[in-house]
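Trainee: My structure is below; once you've seen it, I'll send some questions.
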Amino acid sequence: MVLRTKWTCELTEALDGKAVNVAGWVHSKRNLGGIRFLLLRDKTGIIQVTAIKKKLEPELFATIASLSKESVVSVSGQVKKNNQAPHGVEIIPETVTVLNPADTPLPLDVTGKVHAELDTRLDNRVVDLRRQNVTRVFIIKDALLAEFRRKCDDEGFVEVHTPKIVAAGAEGGSTLFPIAYFDREAYLAQSPQLYKQMLMGSGLDRILEIAPAWRAEKSDTIRHLSEFISIDMEMAFIESEEDVMGMLERVLAHALEHVRTSCSLQLEEMGVELPEVSIPFPRVTYSEAVELINASSETEVEWGEDLSTEAEKVLGKIMAEKGHDLYFITEYPSRIKPFYIMVNDERPEVCRAFDLEFSGMEITSGGQREHRHDVLINRMKEQGLDTSDFTFYLDAFRFGMPPHGGLGLGIERVVQIILDVKNIRETVLFPRDRSRLVP
Ligand code: AMO
């Protein structure tokens with residue numbers, strides 16, 4: 001038997017009297033004695049199956065009556081107009097095939113009527129994902145990523161895959177995950193930083209990578225994951241970091257606009273409104289940011305220190321009041337940015353790094369890189385790094401490395417912000433954090 005001939009969303013009055021097969025999960029059941037209503041849910045929606053005792057074989061009625069919620073079934077029957085049924089049609093069943101009965105009790109209520117804590121939801125993620133507002137997060141994430149990738153393709157970026165088992169990290173030792181690699185110690189990649197820069201010496205010119213990155217984050221926050229998807233871009237022959245920022249704002253604004261229009265139904269059902277994004281995004285220098293934050297007297301930043309989460313939030317509020325959700329912070333102090341960022345030759349206290357902030361949260365770091373071998377080595381030494389750990393990287397700078405720059409963007413943070421989701425874990429199917437290794 002064909003399990004499904006129609007999706008539930010395809011069942012309309014036009015099919016009145018027609019035979020159909022639908023398949024999905026038993027969303028809910030209602031018992032009116034001689035009549036049983038069963039709501040069957042598939043990917044596209046819900047349809048009412050109406051079983052009238054007097055008109056059905058006793059065995060079929062008994063099967064329907066005994067179904068537990070979330071059992072998987074295929075129902076064949078006739079479509080019937082019914083103004084009282086949701087969407088104006090119902091199915092009068094002829095056969096019901098129980099493909100797999102669900103155990104009881106369920107770990108959480110799929111209809112969403114009963115609140116479930118995030119931990120319960122994540123522990124039972126597959127069942128949790130049956131809730132439409134939960135799956136919508138991933139449909140929107142998919143649309144955002146797909147359009148970002150497509151736009152990068154238009155801009156001449158080549159998608160690459162760099163190694164995820166690596167010998168050295170570029171983002172500080174404290175968040176590296178060591179792994180046993182045969183008889184040596186290796187690490188899970190924190191970012192493709194070293195490899196994407198090395199590829200700028202290859203002639204590929206513009207590369208894009210969308211891949212997992214791992215950070216052994218010690219603290220448990222609502223914006224950090226141990227495993228996240230990093231969008232990495234790198235461009236050769238740039239004049240300055242401004243070229244990278246211009247590219248990012250074009251691609252991101254385009255992808256966000258695509259989500260706003262193509263996912264309007266899902267967004268509406270989630271009660272989320274995406275504002276139109278216009279470019280260019282404002283540029284605020286780090287020094288201006290410090291001044292604005294300190295003038296607010298809500299928190300204080302000393303010039304030269306990194307912006308705390310609190311300081312970022314305060315700046316986010318100030319910028320929102322001026323009508324800006326997305327804005328760059330530029331000209332960071334050289335000493336708080338990694339070795340690979342180019343120091344401003346005229347003003348060595350600041351460097352060519354930028355962050356892109358979205359509603360008071362950093363979503364991207366990037367900048368122009370140091371491509372001069374000797375200067376790069378000095379910068380690594382200044383930061384206390386042992387250059388012999390990075391020979392494979394440094395060698396690429398000895399045989400013709402063009403000026404270049406790039407960025408890393410955490411896609412989960414973008415989804416968290418646009419969907420106004422409290423905890424970043426909700427934007428990952430099976431999140432990883434300090435305490436979570438299964439499911
Ligand atoms: P950075 O370490 O700032 O820069 O990371 C870039 C972006 O990645 C996201 N991100 C995270 N998202 C979730 N959980 C985490 N633990 C986490 N850590 C980072 C953020 C952040 O803005 N190599 C540089 C980028 C570059 O210069 O090209 C880098 O990795 O959105």
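Labeling convention for the structure tokens: chains A, B, ... as they appear, residues from 1 per chain, ligands from 1 in order of appearance.
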Which residues come within 7 Å of segment 135-137 of chain A, counting only C-alpha atoms, excluding same-chain residues fewer than 5 positions away, as an NGL selection string?

Mentor: :A and (129-130 or 266 or 427)

Trainee: Write out, as a PDB file, in the first residue's frame, the residues just selected, with N, CA, C and O atoms.

Mentor:
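The new file again.pdb reads:
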```pdb
ATOM      1  N   LEU A 129      11.383  18.312  18.388  1.00  0.00           N
ATOM      2  CA  LEU A 129      11.429  18.830  17.011  1.00  0.00           C
ATOM      3  C   LEU A 129      10.117  18.633  16.260  1.00  0.00           C
ATOM      4  O   LEU A 129       9.929  19.171  15.178  1.00  0.00           O
ATOM      5  N   ARG A 130       9.212  17.868  16.841  1.00  0.00           N
ATOM      6  CA  ARG A 130       7.916  17.714  16.181  1.00  0.00           C
ATOM      7  C   ARG A 130       7.043  18.947  16.390  1.00  0.00           C
ATOM      8  O   ARG A 130       6.001  19.092  15.763  1.00  0.00           O
ATOM      9  N   GLN A 266       6.472  31.494   7.934  1.00  0.00           N
ATOM     10  CA  GLN A 266       7.045  30.895   9.152  1.00  0.00           C
ATOM     11  C   GLN A 266       7.290  31.972  10.214  1.00  0.00           C
ATOM     12  O   GLN A 266       7.011  31.771  11.387  1.00  0.00           O
ATOM     13  N   THR A 427      18.944  26.966  18.743  1.00  0.00           N
ATOM     14  CA  THR A 427      19.180  27.112  17.304  1.00  0.00           C
ATOM     15  C   THR A 427      20.044  25.973  16.754  1.00  0.00           C
ATOM     16  O   THR A 427      20.474  26.017  15.606  1.00  0.00           O
TER      17      THR A 427
END
```

Trainee: Might you pull out every residue within 10 Å of Leu208 of chain A, with only C-alpha atoms counted and same-chain residues fewer than 3 positions away left off, and present them as a PyMOL selection string?

Mentor: chain A and resi 149+152-153+156-161+196+211+231-235+406-408

Trainee: Go ahead and write the selection's residues with N, CA and C atoms as a tab-separated table (two decimals), in the first residue's frame.

Mentor:
```tsv
chain	number	residue	atom	x	y	z
A	149	ARG	N	25.19	31.36	1.02
A	149	ARG	CA	26.09	30.58	0.16
A	149	ARG	C	25.90	30.97	-1.31
A	152	CYS	N	27.38	34.35	-2.03
A	152	CYS	CA	28.86	34.27	-2.05
A	152	CYS	C	29.33	33.68	-3.38
A	153	ASP	N	28.56	32.73	-3.88
A	153	ASP	CA	28.88	32.14	-5.18
A	153	ASP	C	28.85	33.23	-6.26
A	156	GLY	N	31.85	35.30	-6.44
A	156	GLY	CA	33.09	34.65	-6.87
A	156	GLY	C	33.83	33.89	-5.78
A	157	PHE	N	33.13	33.52	-4.70
A	157	PHE	CA	33.79	32.74	-3.65
A	157	PHE	C	33.74	31.25	-3.99
A	158	VAL	N	34.83	30.56	-3.71
A	158	VAL	CA	34.90	29.11	-3.93
A	158	VAL	C	34.71	28.45	-2.57
A	159	GLU	N	33.77	27.52	-2.49
A	159	GLU	CA	33.54	26.88	-1.19
A	159	GLU	C	34.58	25.78	-0.98
A	160	VAL	N	35.21	25.79	0.17
A	160	VAL	CA	36.28	24.83	0.45
A	160	VAL	C	36.01	24.11	1.78
A	161	HIS	N	36.80	23.09	2.01
A	161	HIS	CA	36.71	22.36	3.29
A	161	HIS	C	38.13	22.15	3.81
A	196	LYS	N	42.51	29.10	5.97
A	196	LYS	CA	41.89	30.01	4.99
A	196	LYS	C	42.90	31.08	4.58
A	211	ALA	N	31.28	25.38	8.14
A	211	ALA	CA	31.65	24.11	8.78
A	211	ALA	C	31.59	24.26	10.30
A	231	ILE	N	30.74	30.47	9.53
A	231	ILE	CA	30.86	30.85	8.11
A	231	ILE	C	32.16	31.62	8.02
A	232	ASP	N	33.08	31.14	7.24
A	232	ASP	CA	34.36	31.82	7.11
A	232	ASP	C	34.57	32.29	5.68
A	233	MET	N	35.00	33.53	5.54
A	233	MET	CA	35.29	34.08	4.21
A	233	MET	C	36.69	34.66	4.25
A	234	GLU	N	37.38	34.54	3.14
A	234	GLU	CA	38.71	35.14	3.04
A	234	GLU	C	38.89	35.65	1.62
A	235	MET	N	39.45	36.85	1.49
A	235	MET	CA	39.59	37.51	0.18
A	235	MET	C	41.02	38.01	-0.01
A	406	GLY	N	39.60	38.73	5.93
A	406	GLY	CA	38.43	37.85	5.97
A	406	GLY	C	37.70	37.97	7.28
A	407	LEU	N	36.83	37.01	7.50
A	407	LEU	CA	35.96	37.09	8.67
A	407	LEU	C	35.42	35.72	9.05
A	408	GLY	N	34.96	35.62	10.28
A	408	GLY	CA	34.26	34.44	10.77
A	408	GLY	C	32.92	34.89	11.35
```

Trainee: Need to verify the contact set: Leu176 of chain A, 8 Å, only C-alpha atoms, exclusion of same-chain residues closer than 5 positions in sequence. Can you return it as an mmCIF file with all heavy atoms, in the first residue's frame?

Mentor:
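Dumped to out_39.cif:
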```
data_model
loop_
_atom_site.group_PDB
_atom_site.id
_atom_site.type_symbol
_atom_site.label_atom_id
_atom_site.label_comp_id
_atom_site.auth_asym_id
_atom_site.auth_seq_id
_atom_site.Cartn_x
_atom_site.Cartn_y
_atom_site.Cartn_z
ATOM 1 N N GLY A 169 46.077 25.831 17.085
ATOM 2 C CA GLY A 169 44.898 26.698 17.033
ATOM 3 C C GLY A 169 45.344 28.137 16.882
ATOM 4 O O GLY A 169 46.488 28.473 17.167
ATOM 5 N N TYR A 187 44.138 18.660 17.890
ATOM 6 C CA TYR A 187 43.015 19.446 18.406
ATOM 7 C C TYR A 187 41.872 19.444 17.403
ATOM 8 O O TYR A 187 42.083 19.286 16.202
ATOM 9 C CB TYR A 187 43.446 20.906 18.655
ATOM 10 C CG TYR A 187 44.669 21.018 19.505
ATOM 11 C CD1 TYR A 187 45.922 21.202 18.916
ATOM 12 C CD2 TYR A 187 44.583 20.908 20.893
ATOM 13 C CE1 TYR A 187 47.059 21.271 19.695
ATOM 14 C CE2 TYR A 187 45.719 20.981 21.679
ATOM 15 C CZ TYR A 187 46.963 21.151 21.073
ATOM 16 O OH TYR A 187 48.077 21.219 21.844
ATOM 17 N N LEU A 188 40.664 19.697 17.927
ATOM 18 C CA LEU A 188 39.537 19.973 17.034
ATOM 19 C C LEU A 188 39.661 21.438 16.623
ATOM 20 O O LEU A 188 39.960 22.291 17.472
ATOM 21 C CB LEU A 188 38.214 19.759 17.772
ATOM 22 C CG LEU A 188 37.857 18.329 18.138
ATOM 23 C CD1 LEU A 188 36.540 18.307 18.926
ATOM 24 C CD2 LEU A 188 37.709 17.471 16.874
ATOM 25 N N ALA A 189 39.435 21.733 15.346
ATOM 26 C CA ALA A 189 39.657 23.104 14.848
ATOM 27 C C ALA A 189 38.736 24.115 15.541
ATOM 28 O O ALA A 189 37.518 23.916 15.587
ATOM 29 C CB ALA A 189 39.433 23.141 13.345
ATOM 30 N N GLN A 190 39.338 25.175 16.053
ATOM 31 C CA GLN A 190 38.547 26.261 16.665
ATOM 32 C C GLN A 190 37.972 27.161 15.592
ATOM 33 O O GLN A 190 36.990 27.869 15.798
ATOM 34 C CB GLN A 190 39.459 27.168 17.502
ATOM 35 C CG GLN A 190 40.008 26.593 18.746
ATOM 36 C CD GLN A 190 41.103 27.498 19.256
ATOM 37 O OE1 GLN A 190 42.003 27.896 18.504
ATOM 38 N NE2 GLN A 190 41.050 27.815 20.533
ATOM 39 N N TRP A 214 34.948 24.210 16.941
ATOM 40 C CA TRP A 214 34.809 23.746 18.330
ATOM 41 C C TRP A 214 35.542 24.680 19.281
ATOM 42 O O TRP A 214 36.675 25.089 19.004
ATOM 43 C CB TRP A 214 35.372 22.326 18.458
ATOM 44 C CG TRP A 214 34.535 21.324 17.730
ATOM 45 C CD1 TRP A 214 33.462 20.646 18.217
ATOM 46 C CD2 TRP A 214 34.690 20.888 16.364
ATOM 47 N NE1 TRP A 214 32.942 19.818 17.239
ATOM 48 C CE2 TRP A 214 33.671 19.945 16.094
ATOM 49 C CE3 TRP A 214 35.583 21.199 15.336
ATOM 50 C CZ2 TRP A 214 33.519 19.315 14.869
ATOM 51 C CZ3 TRP A 214 35.439 20.578 14.100
ATOM 52 C CH2 TRP A 214 34.416 19.648 13.876
ATOM 53 N N ARG A 215 34.911 24.988 20.363
ATOM 54 C CA ARG A 215 35.534 25.816 21.403
ATOM 55 C C ARG A 215 35.222 25.191 22.762
ATOM 56 O O ARG A 215 34.041 24.990 23.086
ATOM 57 C CB ARG A 215 34.954 27.244 21.402
ATOM 58 C CG ARG A 215 35.067 27.987 20.083
ATOM 59 C CD ARG A 215 36.412 28.647 19.897
ATOM 60 N NE ARG A 215 36.542 29.140 18.527
ATOM 61 C CZ ARG A 215 36.425 30.416 18.164
ATOM 62 N NH1 ARG A 215 36.168 31.327 19.078
ATOM 63 N NH2 ARG A 215 36.577 30.762 16.907
ATOM 64 N N ALA A 216 36.280 24.924 23.516
ATOM 65 C CA ALA A 216 36.075 24.394 24.868
ATOM 66 C C ALA A 216 35.737 25.572 25.780
ATOM 67 O O ALA A 216 36.571 26.045 26.544
ATOM 68 C CB ALA A 216 37.332 23.669 25.336
#
```

Trainee: How would you write, as a ChimeraX atom specification, the set of residues no farther than 7 Å from ligand 1 when counting only C-alpha atoms and all ligand atoms?

Mentor: /A:171,190-193,215,217,223-228,230,232-233,362-367,406-413

Trainee: Write out as a PyMOL selection string which residues come within 9 Å of segment 87-98 of chain A when counting only C-alpha atoms, dropping same-chain ones fewer than 4 positions away.

Mentor: chain A and resi 3+9+11-13+15-16+20+47-52+56-57+60+63-64+67+71-83

Trainee: Could you state the separation of atom CA of Ser278 of chain A and atom CA of Thr309 of chain A in Å, given to one decimal place?

Mentor: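 Between these atoms lies a distance of 25.4 Å.
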
Trainee: Using DSSP on the backbone, list every residue of segment 271-421 of chain A that comes out as helix (DSSP H, G or I), and give them as a PyMOL selection string.

Mentor: chain A and resi 286-296+309-321+334-336+373-382+387-395+411-418

Trainee: Restrict the selected residues to N, CA and C atoms and save them as a compact mmCIF listing (two decimals), in the first residue's frame.

Mentor:
```txt
# COMPACT_ATOMS: atom_id res chain seq x y z
N TYR A 286 36.43 51.65 17.88
CA TYR A 286 36.48 51.16 19.26
C TYR A 286 36.51 52.34 20.23
N SER A 287 37.32 53.37 19.91
CA SER A 287 37.44 54.53 20.82
C SER A 287 36.09 55.23 20.98
N GLU A 288 35.37 55.38 19.86
CA GLU A 288 34.03 56.01 19.95
C GLU A 288 33.10 55.13 20.79
N ALA A 289 33.21 53.82 20.61
CA ALA A 289 32.35 52.89 21.36
C ALA A 289 32.61 53.05 22.86
N VAL A 290 33.90 53.12 23.21
CA VAL A 290 34.25 53.26 24.64
C VAL A 290 33.66 54.56 25.19
N GLU A 291 33.77 55.63 24.42
CA GLU A 291 33.22 56.92 24.85
C GLU A 291 31.71 56.84 25.07
N LEU A 292 31.02 56.24 24.08
CA LEU A 292 29.55 56.13 24.18
C LEU A 292 29.15 55.29 25.39
N ILE A 293 29.86 54.19 25.59
CA ILE A 293 29.51 53.29 26.70
C ILE A 293 29.75 54.00 28.03
N ASN A 294 30.90 54.65 28.15
CA ASN A 294 31.23 55.31 29.42
C ASN A 294 30.29 56.49 29.70
N ALA A 295 29.87 57.18 28.63
CA ALA A 295 28.96 58.32 28.81
C ALA A 295 27.59 57.85 29.31
N SER A 296 27.26 56.58 29.06
CA SER A 296 25.95 56.07 29.48
C SER A 296 25.88 55.85 30.98
N THR A 309 30.43 41.63 27.82
CA THR A 309 29.07 41.37 27.31
C THR A 309 28.16 42.53 27.69
N GLU A 310 28.35 43.01 28.94
CA GLU A 310 27.53 44.11 29.43
C GLU A 310 27.75 45.38 28.60
N ALA A 311 29.04 45.67 28.33
CA ALA A 311 29.37 46.87 27.54
C ALA A 311 28.79 46.75 26.13
N GLU A 312 28.87 45.56 25.56
CA GLU A 312 28.30 45.34 24.22
C GLU A 312 26.80 45.63 24.22
N LYS A 313 26.14 45.17 25.30
CA LYS A 313 24.69 45.36 25.38
C LYS A 313 24.34 46.85 25.49
N VAL A 314 25.12 47.57 26.30
CA VAL A 314 24.87 49.01 26.47
C VAL A 314 25.03 49.70 25.12
N LEU A 315 26.09 49.36 24.39
CA LEU A 315 26.31 49.97 23.08
C LEU A 315 25.16 49.59 22.13
N GLY A 316 24.70 48.34 22.26
CA GLY A 316 23.58 47.88 21.44
C GLY A 316 22.35 48.75 21.65
N LYS A 317 22.10 49.11 22.92
CA LYS A 317 20.93 49.95 23.23
C LYS A 317 21.09 51.35 22.62
N ILE A 318 22.31 51.88 22.78
CA ILE A 318 22.57 53.23 22.25
C ILE A 318 22.38 53.25 20.73
N MET A 319 22.91 52.22 20.07
CA MET A 319 22.81 52.17 18.61
C MET A 319 21.36 51.93 18.17
N ALA A 320 20.63 51.13 18.94
CA ALA A 320 19.22 50.87 18.59
C ALA A 320 18.42 52.18 18.66
N GLU A 321 18.75 53.00 19.68
CA GLU A 321 18.06 54.30 19.78
C GLU A 321 18.31 55.16 18.55
N SER A 334 45.45 47.05 19.24
CA SER A 334 46.22 45.93 18.66
C SER A 334 46.43 44.81 19.66
N ARG A 335 46.58 45.18 20.95
CA ARG A 335 46.98 44.13 21.88
C ARG A 335 45.85 43.18 22.28
N ILE A 336 44.60 43.51 21.95
CA ILE A 336 43.54 42.56 22.31
C ILE A 336 43.08 41.73 21.11
N HIS A 373 55.77 38.19 6.02
CA HIS A 373 56.31 37.09 6.82
C HIS A 373 57.04 37.59 8.07
N ASP A 374 57.97 38.55 7.89
CA ASP A 374 58.78 39.00 9.03
C ASP A 374 57.91 39.71 10.07
N VAL A 375 56.98 40.54 9.61
CA VAL A 375 56.13 41.27 10.56
C VAL A 375 55.23 40.28 11.32
N LEU A 376 54.76 39.28 10.60
CA LEU A 376 53.89 38.28 11.21
C LEU A 376 54.64 37.53 12.32
N ILE A 377 55.88 37.16 12.03
CA ILE A 377 56.67 36.44 13.03
C ILE A 377 56.87 37.31 14.28
N ASN A 378 57.18 38.59 14.08
CA ASN A 378 57.35 39.48 15.24
C ASN A 378 56.08 39.56 16.06
N ARG A 379 54.97 39.65 15.38
CA ARG A 379 53.66 39.78 16.04
C ARG A 379 53.36 38.50 16.86
N MET A 380 53.72 37.35 16.32
CA MET A 380 53.49 36.09 17.05
C MET A 380 54.37 36.04 18.30
N LYS A 381 55.59 36.48 18.13
CA LYS A 381 56.52 36.48 19.28
C LYS A 381 56.04 37.42 20.37
N GLU A 382 55.58 38.61 19.95
CA GLU A 382 55.03 39.60 20.90
C GLU A 382 53.91 38.98 21.72
N THR A 387 56.77 30.11 17.46
CA THR A 387 56.55 30.10 16.00
C THR A 387 56.82 28.72 15.40
N SER A 388 57.60 27.89 16.10
CA SER A 388 57.88 26.57 15.52
C SER A 388 56.61 25.69 15.48
N ASP A 389 55.61 26.03 16.29
CA ASP A 389 54.34 25.29 16.23
C ASP A 389 53.56 25.65 14.97
N PHE A 390 53.95 26.73 14.32
CA PHE A 390 53.16 27.25 13.20
C PHE A 390 53.93 27.24 11.88
N THR A 391 54.99 26.43 11.78
CA THR A 391 55.83 26.42 10.57
C THR A 391 55.00 26.18 9.31
N PHE A 392 54.07 25.23 9.39
CA PHE A 392 53.25 24.89 8.21
C PHE A 392 52.48 26.12 7.71
N TYR A 393 52.09 26.97 8.64
CA TYR A 393 51.32 28.19 8.31
C TYR A 393 52.27 29.26 7.78
N LEU A 394 53.35 29.46 8.52
CA LEU A 394 54.29 30.54 8.16
C LEU A 394 54.95 30.29 6.80
N ASP A 395 55.18 29.02 6.48
CA ASP A 395 55.82 28.70 5.19
C ASP A 395 55.01 29.27 4.02
N ILE A 411 26.74 31.45 12.69
CA ILE A 411 25.37 31.47 12.15
C ILE A 411 24.32 31.31 13.26
N GLU A 412 24.66 30.57 14.32
CA GLU A 412 23.66 30.36 15.38
C GLU A 412 23.31 31.67 16.08
N ARG A 413 24.33 32.53 16.22
CA ARG A 413 24.03 33.82 16.89
C ARG A 413 23.09 34.66 16.03
N VAL A 414 23.27 34.59 14.72
CA VAL A 414 22.38 35.36 13.84
C VAL A 414 20.95 34.85 13.97
N VAL A 415 20.81 33.52 13.96
CA VAL A 415 19.47 32.93 14.08
C VAL A 415 18.87 33.28 15.45
N GLN A 416 19.70 33.21 16.48
CA GLN A 416 19.24 33.54 17.83
C GLN A 416 18.66 34.97 17.86
N ILE A 417 19.35 35.88 17.20
CA ILE A 417 18.91 37.28 17.25
C ILE A 417 17.66 37.49 16.40
N ILE A 418 17.70 36.99 15.16
CA ILE A 418 16.55 37.31 14.30
C ILE A 418 15.27 36.65 14.79
```
